[in-house]
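S.K.: The following block contains the structure, expressed as structure tokens.
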Amino acid sequence: MTTEETIKELLLDESSHPEAFQLILKEYKERLYFLIRKIVIDHDDTDDVLQEAFIKIWKNLKKFRGDASLYTWLYRIGTNEALTFLRRRKDARNMSMDENPELMNLFESGSSTFHITGDDIEIALQKAVLQLPEKQRIVFNLKYFEHMTYEEISEVTETSVGGLKANYHSAKKKIEDILGKR
């Protein structure tokens, strides 16, 4: 039995919700952290948003019906919490590298704040992704880095598959253009 199946089974009985929540934390905390981090960028903000996401997950465990994948349900909550955070911080919503020289300096210095351990290509890709509009950045991150299907992304973002494909291909084109100018 997979961890997700175990968690779903535990969620059937409300008395076992604490155990299910502990398994959710163990299995998905790191993945949700990196999902949220790719949306809100800053580590401290990510921690705050992650905490809010897990509070919402705990409060809504009894609402999980099991007809959707647990993974996509958790990602939807994490994504929605990150988007809510960005909406509250208008200055972060449309952040570009030009408007935020400190962010550019962190990338150029190879700061461990961003947990980037890759080479110049990875850093260039991350810089390019940061220049995308919010919706395209989220779709690109979920498809490219999280390897989610369009159907899973549709569940997370509550966007049509056709719209997601358009966003992803626009994001890819913009990234290719940005990286081509290097």
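By convention here, the chains of the structure tokens are called A, B, ... in the order presented, each chain's residues are numbered starting at 1, and ligands are numbered starting at 1 in the order presented.
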List the spatial neighbours of region 164-176 of chain A as an NGL selection string - criterion: any atom at most 6 Å away, only C-alpha atoms, same-chain residues fewer than 6 positions off excluded.

M.R.: :A and (128 or 136 or 139-140)

S.K.: Kindly save the residues from that selection, with all heavy atoms included, as a short mmCIF file (atom, residue, chain, number, x, y, z; two decimals), in the first residue's frame.

M.R.:
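Below is the file that was written, part-v3.cif:
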```
data_model
loop_
_atom_site.label_atom_id
_atom_site.label_comp_id
_atom_site.auth_asym_id
_atom_site.auth_seq_id
_atom_site.Cartn_x
_atom_site.Cartn_y
_atom_site.Cartn_z
N ALA A 128 15.43 33.15 -15.52
CA ALA A 128 14.44 33.30 -16.60
C ALA A 128 13.04 33.02 -16.08
O ALA A 128 12.09 33.75 -16.41
CB ALA A 128 14.80 32.37 -17.76
N GLN A 136 2.12 32.06 -15.63
CA GLN A 136 3.04 31.25 -16.44
C GLN A 136 4.12 30.62 -15.58
O GLN A 136 4.51 29.48 -15.80
CB GLN A 136 3.66 32.10 -17.55
CG GLN A 136 2.70 32.46 -18.65
CD GLN A 136 3.32 33.32 -19.71
OE1 GLN A 136 4.50 33.64 -19.68
NE2 GLN A 136 2.51 33.72 -20.69
N VAL A 139 2.55 27.57 -13.76
CA VAL A 139 2.32 26.46 -14.69
C VAL A 139 3.65 25.84 -15.11
O VAL A 139 3.81 24.62 -15.12
CB VAL A 139 1.50 26.91 -15.91
CG1 VAL A 139 1.42 25.83 -16.97
CG2 VAL A 139 0.10 27.34 -15.48
N PHE A 140 4.63 26.67 -15.43
CA PHE A 140 5.94 26.15 -15.84
C PHE A 140 6.57 25.33 -14.72
O PHE A 140 7.07 24.23 -14.94
CB PHE A 140 6.87 27.29 -16.26
CG PHE A 140 8.18 26.79 -16.79
CD1 PHE A 140 8.30 26.38 -18.11
CD2 PHE A 140 9.29 26.69 -15.96
CE1 PHE A 140 9.51 25.88 -18.60
CE2 PHE A 140 10.50 26.19 -16.44
CZ PHE A 140 10.61 25.79 -17.76
#
```

S.K.: Tell me, counting only C-alpha atoms, for each residue of region 126-172 of chain A within 9 Å of region 57-80 of chain A, which pair of atoms is nearest and how far apart they are in Å to one decimal, in rows ordered by chain and increasing number, as a tab-separated table.

M.R.:
```
residue	atom	partner	partner_atom	distance
A:Ile138	CA	A:Thr79	CA	8.3
A:Glu152	CA	A:Thr72	CA	6.2
A:Ile153	CA	A:Thr72	CA	7.7
A:Glu155	CA	A:Thr72	CA	6.5
A:Val156	CA	A:Arg76	CA	4.0
A:Thr157	CA	A:Arg76	CA	6.3
A:Glu158	CA	A:Arg76	CA	8.4
```

S.K.: Report, in Å to a single decimal, how far apart CA of His147 (chain A) and CA of Gly163 (chain A) are.

M.R.: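 These two atoms are separated by 17.5 Å.
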
S.K.: Compile the contact shell of Ile41 (chain A) as a list in words: residues with an atom at most 9 Å away, counting only C-alpha atoms, same-chain residues fewer than 4 positions apart removed.

M.R.: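 Surrounding residues, per the criterion: Ile36, Arg37, Asp45, Thr46, Phe114 and Leu130 of chain A.
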
S.K.: Mind giving me the straight-line distance from CA of Phe34 (chain A) to CA of Leu12 (chain A) in Å, one decimal?

M.R.: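 Separation between CA of Phe34 (chain A) and CA of Leu12 (chain A): 28.5 Å.
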
S.K.: Tell me, which residues of region 40-93 of chain A carry DSSP helix (DSSP H, G or I), written as a PyMOL selection string?

M.R.: chain A and resi 40+43-59+61-63+70-88+90-93

S.K.: Record the distance separating CA of Leu10 (chain A) and CA of Gln51 (chain A), expressed in Å with one decimal.

M.R.: 22.1 Å
